[in-house]
>>> print(open('query_19.txt').read())   # compact mmCIF, C-alpha atoms and all ligand atoms
# COMPACT_ATOMS: atom_id res chain seq x y z
CA MET B 1 -7.21 -6.97 -43.92
CA ILE B 2 -5.13 -4.35 -45.73
CA GLU B 3 -8.28 -2.40 -46.54
CA GLN B 4 -9.37 -2.35 -42.88
CA ASN B 5 -5.86 -1.47 -41.73
CA LEU B 6 -5.69 1.43 -44.16
CA SER B 7 -8.99 2.81 -43.01
CA MET B 8 -7.99 2.41 -39.37
CA VAL B 9 -4.76 4.33 -39.98
CA LYS B 10 -6.74 7.05 -41.74
CA ASP B 11 -9.15 7.26 -38.80
CA ASN B 12 -6.19 7.61 -36.45
CA ILE B 13 -4.71 10.35 -38.65
CA ALA B 14 -8.05 12.19 -38.53
CA ALA B 15 -8.23 11.83 -34.75
CA ALA B 16 -4.68 13.10 -34.23
CA CYS B 17 -5.35 16.03 -36.58
CA ASN B 18 -8.55 16.83 -34.75
CA LYS B 19 -6.71 16.85 -31.45
CA ALA B 20 -4.00 19.14 -32.81
CA GLY B 21 -6.25 21.43 -34.87
CA ARG B 22 -4.71 20.30 -38.14
CA ARG B 23 -6.17 19.13 -41.47
CA PRO B 24 -5.88 15.46 -42.50
CA ASP B 25 -5.16 16.68 -46.05
CA ASP B 26 -1.88 18.07 -44.80
CA ILE B 27 -0.60 14.61 -43.86
CA THR B 28 0.75 12.24 -46.52
CA LEU B 29 0.53 8.57 -45.63
CA ILE B 30 3.37 6.47 -47.01
CA ALA B 31 2.71 2.74 -46.96
CA VAL B 32 6.03 1.09 -46.13
CA SER B 33 6.02 -2.10 -48.19
CA LYS B 34 9.52 -3.44 -47.52
CA THR B 35 9.65 -7.27 -47.42
CA LYS B 36 6.00 -7.43 -48.59
CA PRO B 37 5.06 -9.02 -51.93
CA VAL B 38 3.70 -7.10 -54.91
CA GLU B 39 0.25 -8.69 -54.42
CA GLN B 40 -0.12 -6.92 -51.10
CA ILE B 41 1.09 -3.65 -52.53
CA LEU B 42 -1.48 -3.98 -55.31
CA GLU B 43 -4.18 -4.60 -52.74
CA ALA B 44 -3.34 -1.32 -51.01
CA TYR B 45 -3.13 0.35 -54.43
CA GLU B 46 -6.60 -0.86 -55.32
CA HIS B 47 -7.87 0.81 -52.18
CA GLY B 48 -6.45 4.11 -53.31
CA GLN B 49 -2.97 4.11 -51.78
CA ARG B 50 -0.38 5.71 -54.08
CA ASP B 51 2.63 6.59 -51.92
CA PHE B 52 4.83 3.61 -51.04
CA GLY B 53 8.15 3.45 -49.21
CA GLU B 54 11.00 0.98 -49.57
CA ASN B 55 14.31 0.93 -47.72
CA ARG B 56 16.42 -1.09 -50.17
CA VAL B 57 17.34 -0.12 -53.69
CA GLN B 58 17.27 -3.61 -55.19
CA GLU B 59 13.88 -4.42 -53.69
CA LEU B 60 12.46 -1.12 -54.92
CA LEU B 61 13.73 -1.80 -58.46
CA ASP B 62 12.23 -5.31 -58.52
CA LYS B 63 8.84 -4.00 -57.43
CA TYR B 64 8.99 -0.89 -59.60
CA ASP B 65 8.91 -2.94 -62.78
CA LYS B 66 5.95 -5.03 -61.67
CA LEU B 67 3.63 -2.32 -60.37
CA PRO B 68 1.54 0.52 -61.85
CA GLY B 69 3.43 3.54 -63.13
CA ASP B 70 1.47 6.09 -61.11
CA ILE B 71 2.80 4.81 -57.79
CA ARG B 72 4.89 7.43 -56.01
CA TRP B 73 7.95 5.62 -54.65
CA HIS B 74 9.85 6.95 -51.65
CA LEU B 75 13.30 5.72 -50.68
CA ILE B 76 13.36 5.74 -46.88
CA GLY B 77 16.42 3.62 -46.01
CA HIS B 78 20.16 4.26 -45.97
CA LEU B 79 21.44 4.85 -49.50
CA GLN B 80 24.94 4.01 -50.68
CA THR B 81 26.48 6.44 -53.16
CA ASN B 82 27.10 3.68 -55.75
CA LYS B 83 23.37 2.85 -55.86
CA VAL B 84 22.10 6.37 -56.46
CA LYS B 85 22.21 5.96 -60.24
CA TYR B 86 19.58 3.22 -60.16
CA ILE B 87 16.88 5.24 -58.47
CA VAL B 88 17.11 8.96 -59.28
CA ASP B 89 14.68 8.56 -62.17
CA LYS B 90 12.30 6.30 -60.22
CA VAL B 91 11.58 7.86 -56.85
CA VAL B 92 9.72 11.07 -55.99
CA LEU B 93 11.56 11.69 -52.75
CA ILE B 94 14.70 10.38 -51.06
CA HIS B 95 14.13 10.65 -47.29
CA SER B 96 17.51 9.43 -46.15
CA VAL B 97 20.22 11.87 -47.19
CA ASP B 98 22.70 11.50 -44.35
CA SER B 99 25.88 13.07 -45.74
CA VAL B 100 26.94 15.92 -48.00
CA LYS B 101 28.85 13.37 -50.07
CA LEU B 102 25.66 11.42 -50.78
CA ALA B 103 23.89 14.66 -51.72
CA GLY B 104 26.72 15.38 -54.16
CA GLN B 105 26.25 12.02 -55.82
CA ILE B 106 22.48 12.53 -56.08
CA ASN B 107 23.12 15.95 -57.62
CA ALA B 108 25.47 14.43 -60.21
CA GLU B 109 23.08 11.62 -61.18
CA ALA B 110 20.05 13.92 -61.27
CA ALA B 111 21.97 16.23 -63.61
CA LYS B 112 22.35 13.33 -66.08
CA HIS B 113 18.57 12.98 -66.13
CA ASN B 114 18.13 16.72 -66.36
CA LYS B 115 15.97 16.74 -63.25
CA ILE B 116 15.89 18.21 -59.79
CA MET B 117 15.72 15.51 -57.14
CA ASP B 118 13.69 16.28 -54.03
CA VAL B 119 15.30 15.05 -50.84
CA LEU B 120 14.97 15.16 -47.08
CA LEU B 121 17.89 15.24 -44.70
CA GLU B 122 17.78 12.44 -42.17
CA ILE B 123 18.26 13.74 -38.66
CA ASN B 124 19.37 11.53 -35.79
CA VAL B 125 17.31 13.42 -33.20
CA ALA B 126 18.25 11.35 -30.19
CA ALA B 127 21.92 11.05 -31.23
CA GLU B 128 21.75 7.25 -31.20
CA GLU B 129 25.01 5.46 -32.06
CA SER B 130 23.18 2.86 -34.12
CA LYS B 131 21.44 5.30 -36.44
CA PHE B 132 22.33 7.14 -39.60
CA GLY B 133 21.67 10.84 -39.97
CA PHE B 134 22.99 14.30 -39.27
CA SER B 135 23.07 15.68 -35.76
CA MET B 136 21.03 18.85 -35.42
CA ALA B 137 24.26 20.75 -34.76
CA GLU B 138 25.76 19.87 -38.16
CA THR B 139 22.57 20.21 -40.19
CA GLU B 140 22.59 23.91 -40.94
CA ASN B 141 26.07 23.80 -42.50
CA ALA B 142 25.05 20.75 -44.51
CA ILE B 143 21.95 22.55 -45.83
CA VAL B 144 24.00 25.53 -46.90
CA GLU B 145 26.44 23.27 -48.78
CA ILE B 146 23.68 21.26 -50.41
CA SER B 147 21.77 24.41 -51.37
CA ARG B 148 24.58 25.13 -53.85
CA MET B 149 23.86 21.92 -55.75
CA PRO B 150 21.58 22.80 -58.69
CA HIS B 151 20.01 19.37 -59.21
CA ILE B 152 18.89 18.74 -55.68
CA CYS B 153 16.19 20.41 -53.63
CA VAL B 154 16.01 19.95 -49.86
CA LYS B 155 12.33 19.76 -48.92
CA GLY B 156 12.71 19.11 -45.22
CA PHE B 157 13.72 16.51 -42.66
CA MET B 158 13.13 12.87 -41.84
CA THR B 159 13.72 11.11 -38.57
CA VAL B 160 13.35 7.66 -37.07
CA ALA B 161 12.63 8.13 -33.37
CA PRO B 162 14.10 5.78 -30.77
CA PHE B 163 12.18 2.56 -30.30
CA VAL B 164 10.15 2.79 -27.09
CA GLU B 165 7.16 1.03 -25.56
CA ASN B 166 5.23 4.19 -24.86
CA SER B 167 5.12 6.66 -27.75
CA GLU B 168 4.79 9.57 -25.31
CA GLU B 169 8.49 9.11 -24.64
CA VAL B 170 9.40 10.26 -28.15
CA ARG B 171 7.14 13.32 -28.18
CA ILE B 172 10.06 15.47 -27.06
CA TYR B 173 12.15 14.45 -30.10
CA PHE B 174 9.31 15.20 -32.52
CA LYS B 175 8.75 18.55 -30.84
CA GLU B 176 12.43 19.38 -31.05
CA LEU B 177 12.72 18.46 -34.73
CA HIS B 178 9.55 20.39 -35.59
CA GLN B 179 10.96 23.49 -33.89
CA PHE B 180 14.22 23.08 -35.79
CA TYR B 181 12.26 22.66 -39.06
CA VAL B 182 10.36 25.91 -38.38
CA ASP B 183 13.63 27.71 -37.56
CA MET B 184 15.23 26.52 -40.81
CA LYS B 185 12.14 27.46 -42.78
CA CYS B 186 12.36 31.01 -41.43
CA LYS B 187 15.95 31.37 -42.59
CA SER B 188 14.78 31.13 -46.23
CA ILE B 189 18.03 29.71 -47.57
CA ASP B 190 18.27 29.89 -51.40
CA ASN B 191 17.00 26.79 -53.22
CA ILE B 192 15.61 25.30 -50.04
CA SER B 193 11.87 24.99 -49.64
CA MET B 194 11.04 23.51 -46.28
CA SER B 195 7.63 21.89 -46.62
CA VAL B 196 8.03 18.27 -45.53
CA LEU B 197 8.59 16.79 -42.10
CA SER B 198 8.72 12.99 -42.38
CA MET B 199 8.26 11.60 -38.90
CA GLY B 200 6.07 8.93 -37.36
CA MET B 201 5.88 5.14 -37.90
CA THR B 202 3.38 2.51 -36.78
CA GLY B 203 4.15 2.92 -33.09
CA ASP B 204 4.28 6.68 -32.90
CA TYR B 205 2.54 8.37 -35.83
CA SER B 206 -0.31 9.88 -33.78
CA VAL B 207 2.15 11.65 -31.52
CA ALA B 208 4.21 12.72 -34.56
CA ILE B 209 1.14 14.28 -36.19
CA GLU B 210 0.27 16.13 -33.00
CA GLU B 211 3.79 17.54 -33.08
CA GLY B 212 3.71 18.74 -36.67
CA SER B 213 4.65 15.85 -38.95
CA THR B 214 3.51 16.17 -42.59
CA MET B 215 4.46 12.65 -43.75
CA ILE B 216 4.12 9.42 -41.83
CA ARG B 217 5.71 6.11 -42.84
CA VAL B 218 3.56 3.19 -41.80
CA GLY B 219 4.50 -0.43 -42.50
CA THR B 220 3.29 -2.85 -39.84
CA GLY B 221 0.10 -0.87 -39.25
CA ILE B 222 -0.95 -1.48 -42.87
CA PHE B 223 0.64 -4.76 -43.96
CA GLY B 224 1.01 -6.55 -40.62
CA THR B 225 4.19 -7.75 -38.95
CA ARG B 226 7.29 -8.48 -41.01
C1 LIG B 301 10.47 0.05 -41.78
C2 LIG B 301 10.46 1.52 -41.70
C3 LIG B 301 9.28 2.22 -41.37
C4 LIG B 301 7.97 1.56 -41.04
O1 LIG B 301 8.05 0.89 -39.81
P1 LIG B 301 6.73 0.31 -39.09
O2 LIG B 301 7.10 0.32 -37.65
O3 LIG B 301 6.54 -1.07 -39.63
O4 LIG B 301 5.60 1.21 -39.39
C5 LIG B 301 9.35 3.62 -41.37
N1 LIG B 301 10.49 4.27 -41.65
C6 LIG B 301 11.64 3.65 -41.95
C7 LIG B 301 12.85 4.44 -42.25
C8 LIG B 301 11.66 2.24 -41.99
O5 LIG B 301 12.81 1.62 -42.29
>>> encode(input="query_19.txt", output="structure tokens")
Amino acid sequence: MIEQNLSMVKDNIAAACNKAGRRPDDITLIAVSKTKPVEQILEAYEHGQRDFGENRVQELLDKYDKLPGDIRWHLIGHLQTNKVKYIVDKVVLIHSVDSVKLAGQINAEAAKHNKIMDVLLEINVAAEESKFGFSMAETENAIVEISRMPHICVKGFMTVAPFVENSEEVRIYFKELHQFYVDMKCKSIDNISMSVLSMGMTGDYSVAIEEGSTMIRVGTGIFGTR
């Protein structure tokens, strides 16, 4: 099942790229494995999947120890400052930086490991009360502040679009964030290399790709319902 799901997602990625005149190689598929057992993660791994996303630190740590060392782990969920120390040496990208304070903590912990941690700023595109993330209005100031932190590198933005029945309804948010991403890229702020736009989940990744996403986070579409 996981094998078929993976190949179906890849076909959909190819179709969306074709429609938008983009290359499938430019899209990274992250398999979101939260709540799923290591056996299922291994099954996806055996079919070539290497990027996996988890939204909880403890769950990521438990799985990290049991799975192959060449997996690229992504933290995609809200991160508390007191948990940063457990993951800075284990993940390739933190998608969910939602405050300058959290960035400061990541910078401090990354310094202890003598590394530069790649991060994305989470943007609350539709300004939903229930969601974490910067508003677009406050993002530029946040980037400038974070750009002064030597052990952190902002690679781009992540968003979770509003939950809707018809994915066409969120196209406008993806379009808006992509435009903002391009604008920020053009500013060439020191220490900032805008190259990642993490947007699109099971229900809306085709639309997200058409609108310029470079990373999609797919859980249900690969592992089934949670
Ligand atoms: C759970 C989760 C996903 C994957 O959601 P699906 O709808 O199952 O594809 C993507 N991004 C974040 C931040 C998540 O928490």
>>> closest_residue(input="query_19.txt", among="B:Asp26, B:Asp190, B:Asp11, B:Asp118", to="Cys153 (chain B)", atoms="only C-alpha atoms")
B:Asp118
>>> closest_residue(input="query_19.txt", among="B:Lys36, B:His113, B:His151, B:Lys187", to="ligand LIG 301 (chain B)", atoms="all atoms listed in the file")
B:Lys36
>>> residues_near_point(input="query_19.txt", point="(-0.2, 2.0, -58.7)", cutoff="9 Å", atoms="all atoms listed in the file", output="list in words")
Ile41, Leu42, Ala44, Tyr45, Glu46, Gly48, Gln49, Arg50, Asp51, Leu67, Pro68, Gly69, Asp70, Ile71 and Arg72 of chain B
>>> closest_residue(input="query_19.txt", among="B:Ala161, B:Ala208, B:Met194, B:Met117", to="ligand LIG 301 (chain B)", atoms="all atoms listed in the file")
B:Ala161
>>> closest_atom_pairs(input="query_19.txt", of="chain B", to="ligand LIG 301 (chain B)", cutoff="9 Å", atoms="all atoms listed in the file", output="JSON lines")
{"residue": "B:Ile30", "atom": "CA", "partner": "B:LIG301", "partner_atom": "C5", "distance": 8.7}
{"residue": "B:Ala31", "atom": "CA", "partner": "B:LIG301", "partner_atom": "C4", "distance": 8.0}
{"residue": "B:Val32", "atom": "CA", "partner": "B:LIG301", "partner_atom": "C4", "distance": 5.5}
{"residue": "B:Ser33", "atom": "CA", "partner": "B:LIG301", "partner_atom": "C1", "distance": 8.1}
{"residue": "B:Lys34", "atom": "CA", "partner": "B:LIG301", "partner_atom": "C1", "distance": 6.8}
{"residue": "B:Gly53", "atom": "CA", "partner": "B:LIG301", "partner_atom": "C5", "distance": 7.9}
{"residue": "B:Glu54", "atom": "CA", "partner": "B:LIG301", "partner_atom": "O5", "distance": 7.5}
{"residue": "B:Asn55", "atom": "CA", "partner": "B:LIG301", "partner_atom": "O5", "distance": 5.7}
{"residue": "B:Leu75", "atom": "CA", "partner": "B:LIG301", "partner_atom": "C7", "distance": 8.5}
{"residue": "B:Ile76", "atom": "CA", "partner": "B:LIG301", "partner_atom": "C7", "distance": 4.8}
{"residue": "B:Gly77", "atom": "CA", "partner": "B:LIG301", "partner_atom": "C7", "distance": 5.2}
{"residue": "B:His78", "atom": "CA", "partner": "B:LIG301", "partner_atom": "C7", "distance": 8.2}
{"residue": "B:His95", "atom": "CA", "partner": "B:LIG301", "partner_atom": "C7", "distance": 8.1}
{"residue": "B:Ser96", "atom": "CA", "partner": "B:LIG301", "partner_atom": "C7", "distance": 7.9}
{"residue": "B:Met158", "atom": "CA", "partner": "B:LIG301", "partner_atom": "C7", "distance": 8.4}
{"residue": "B:Thr159", "atom": "CA", "partner": "B:LIG301", "partner_atom": "C7", "distance": 7.7}
{"residue": "B:Val160", "atom": "CA", "partner": "B:LIG301", "partner_atom": "C7", "distance": 6.1}
{"residue": "B:Ser198", "atom": "CA", "partner": "B:LIG301", "partner_atom": "N1", "distance": 8.9}
{"residue": "B:Met199", "atom": "CA", "partner": "B:LIG301", "partner_atom": "N1", "distance": 8.1}
{"residue": "B:Gly200", "atom": "CA", "partner": "B:LIG301", "partner_atom": "C5", "distance": 7.4}
{"residue": "B:Met201", "atom": "CA", "partner": "B:LIG301", "partner_atom": "O4", "distance": 4.2}
{"residue": "B:Thr202", "atom": "CA", "partner": "B:LIG301", "partner_atom": "O4", "distance": 3.7}
{"residue": "B:Gly203", "atom": "CA", "partner": "B:LIG301", "partner_atom": "O2", "distance": 6.0}
{"residue": "B:Asp204", "atom": "CA", "partner": "B:LIG301", "partner_atom": "O2", "distance": 8.4}
{"residue": "B:Tyr205", "atom": "CA", "partner": "B:LIG301", "partner_atom": "O4", "distance": 8.6}
{"residue": "B:Ile216", "atom": "CA", "partner": "B:LIG301", "partner_atom": "C5", "distance": 7.8}
{"residue": "B:Arg217", "atom": "CA", "partner": "B:LIG301", "partner_atom": "C5", "distance": 4.6}
{"residue": "B:Val218", "atom": "CA", "partner": "B:LIG301", "partner_atom": "O4", "distance": 3.7}
{"residue": "B:Gly219", "atom": "CA", "partner": "B:LIG301", "partner_atom": "O3", "distance": 3.6}
{"residue": "B:Thr220", "atom": "CA", "partner": "B:LIG301", "partner_atom": "O3", "distance": 3.7}
{"residue": "B:Gly221", "atom": "CA", "partner": "B:LIG301", "partner_atom": "O4", "distance": 5.9}
{"residue": "B:Ile222", "atom": "CA", "partner": "B:LIG301", "partner_atom": "O4", "distance": 7.9}
{"residue": "B:Phe223", "atom": "CA", "partner": "B:LIG301", "partner_atom": "O3", "distance": 8.2}
{"residue": "B:Gly224", "atom": "CA", "partner": "B:LIG301", "partner_atom": "O3", "distance": 7.8}
{"residue": "B:Thr225", "atom": "CA", "partner": "B:LIG301", "partner_atom": "O3", "distance": 7.1}
{"residue": "B:Arg226", "atom": "CA", "partner": "B:LIG301", "partner_atom": "O3", "distance": 7.6}
>>> build_atoms(input="query_19.txt", residues="region 117-137 of chain B", atoms="N, CA and C atoms", output="PDB file, in the frame of the given file")
ATOM      1  N   MET B 117      16.167  16.558 -58.060  1.00  0.00           N
ATOM      2  CA  MET B 117      15.720  15.510 -57.140  1.00  0.00           C
ATOM      3  C   MET B 117      15.352  16.121 -55.793  1.00  0.00           C
ATOM      4  N   ASP B 118      14.128  15.823 -55.355  1.00  0.00           N
ATOM      5  CA  ASP B 118      13.690  16.280 -54.030  1.00  0.00           C
ATOM      6  C   ASP B 118      14.225  15.326 -52.965  1.00  0.00           C
ATOM      7  N   VAL B 119      14.755  15.879 -51.916  1.00  0.00           N
ATOM      8  CA  VAL B 119      15.300  15.050 -50.840  1.00  0.00           C
ATOM      9  C   VAL B 119      14.943  15.608 -49.467  1.00  0.00           C
ATOM     10  N   LEU B 120      15.063  14.743 -48.476  1.00  0.00           N
ATOM     11  CA  LEU B 120      14.970  15.160 -47.080  1.00  0.00           C
ATOM     12  C   LEU B 120      16.313  14.816 -46.433  1.00  0.00           C
ATOM     13  N   LEU B 121      16.706  15.591 -45.462  1.00  0.00           N
ATOM     14  CA  LEU B 121      17.890  15.240 -44.700  1.00  0.00           C
ATOM     15  C   LEU B 121      17.447  14.413 -43.501  1.00  0.00           C
ATOM     16  N   GLU B 122      18.124  13.280 -43.319  1.00  0.00           N
ATOM     17  CA  GLU B 122      17.780  12.440 -42.170  1.00  0.00           C
ATOM     18  C   GLU B 122      18.492  12.984 -40.938  1.00  0.00           C
ATOM     19  N   ILE B 123      17.706  13.182 -39.897  1.00  0.00           N
ATOM     20  CA  ILE B 123      18.260  13.740 -38.660  1.00  0.00           C
ATOM     21  C   ILE B 123      18.175  12.680 -37.550  1.00  0.00           C
ATOM     22  N   ASN B 124      19.297  12.483 -36.909  1.00  0.00           N
ATOM     23  CA  ASN B 124      19.370  11.530 -35.790  1.00  0.00           C
ATOM     24  C   ASN B 124      19.053  12.319 -34.516  1.00  0.00           C
ATOM     25  N   VAL B 125      17.750  12.494 -34.278  1.00  0.00           N
ATOM     26  CA  VAL B 125      17.310  13.420 -33.200  1.00  0.00           C
ATOM     27  C   VAL B 125      17.807  13.046 -31.820  1.00  0.00           C
ATOM     28  N   ALA B 126      17.867  11.748 -31.542  1.00  0.00           N
ATOM     29  CA  ALA B 126      18.250  11.350 -30.190  1.00  0.00           C
ATOM     30  C   ALA B 126      19.730  10.990 -30.109  1.00  0.00           C
ATOM     31  N   ALA B 127      20.486  11.326 -31.175  1.00  0.00           N
ATOM     32  CA  ALA B 127      21.920  11.050 -31.230  1.00  0.00           C
ATOM     33  C   ALA B 127      22.235   9.591 -30.864  1.00  0.00           C
ATOM     34  N   GLU B 128      21.511   8.668 -31.477  1.00  0.00           N
ATOM     35  CA  GLU B 128      21.750   7.250 -31.200  1.00  0.00           C
ATOM     36  C   GLU B 128      22.922   6.746 -32.040  1.00  0.00           C
ATOM     37  N   GLU B 129      23.817   6.020 -31.393  1.00  0.00           N
ATOM     38  CA  GLU B 129      25.010   5.460 -32.060  1.00  0.00           C
ATOM     39  C   GLU B 129      24.636   4.600 -33.265  1.00  0.00           C
ATOM     40  N   SER B 130      23.554   3.855 -33.119  1.00  0.00           N
ATOM     41  CA  SER B 130      23.180   2.860 -34.120  1.00  0.00           C
ATOM     42  C   SER B 130      22.507   3.453 -35.346  1.00  0.00           C
ATOM     43  N   LYS B 131      22.226   4.743 -35.333  1.00  0.00           N
ATOM     44  CA  LYS B 131      21.440   5.300 -36.440  1.00  0.00           C
ATOM     45  C   LYS B 131      22.219   6.212 -37.367  1.00  0.00           C
ATOM     46  N   PHE B 132      21.784   6.218 -38.618  1.00  0.00           N
ATOM     47  CA  PHE B 132      22.330   7.140 -39.600  1.00  0.00           C
ATOM     48  C   PHE B 132      21.702   8.509 -39.377  1.00  0.00           C
ATOM     49  N   GLY B 133      22.290   9.520 -40.004  1.00  0.00           N
ATOM     50  CA  GLY B 133      21.670  10.840 -39.970  1.00  0.00           C
ATOM     51  C   GLY B 133      22.584  11.912 -39.429  1.00  0.00           C
ATOM     52  N   PHE B 134      22.240  13.149 -39.770  1.00  0.00           N
ATOM     53  CA  PHE B 134      22.990  14.300 -39.270  1.00  0.00           C
ATOM     54  C   PHE B 134      22.569  14.579 -37.827  1.00  0.00           C
ATOM     55  N   SER B 135      23.482  15.144 -37.061  1.00  0.00           N
ATOM     56  CA  SER B 135      23.070  15.680 -35.760  1.00  0.00           C
ATOM     57  C   SER B 135      22.451  17.050 -36.057  1.00  0.00           C
ATOM     58  N   MET B 136      21.627  17.542 -35.165  1.00  0.00           N
ATOM     59  CA  MET B 136      21.030  18.850 -35.420  1.00  0.00           C
ATOM     60  C   MET B 136      22.112  19.922 -35.526  1.00  0.00           C
ATOM     61  N   ALA B 137      23.184  19.753 -34.751  1.00  0.00           N
ATOM     62  CA  ALA B 137      24.260  20.750 -34.760  1.00  0.00           C
ATOM     63  C   ALA B 137      24.925  20.878 -36.135  1.00  0.00           C
TER      64      ALA B 137
END
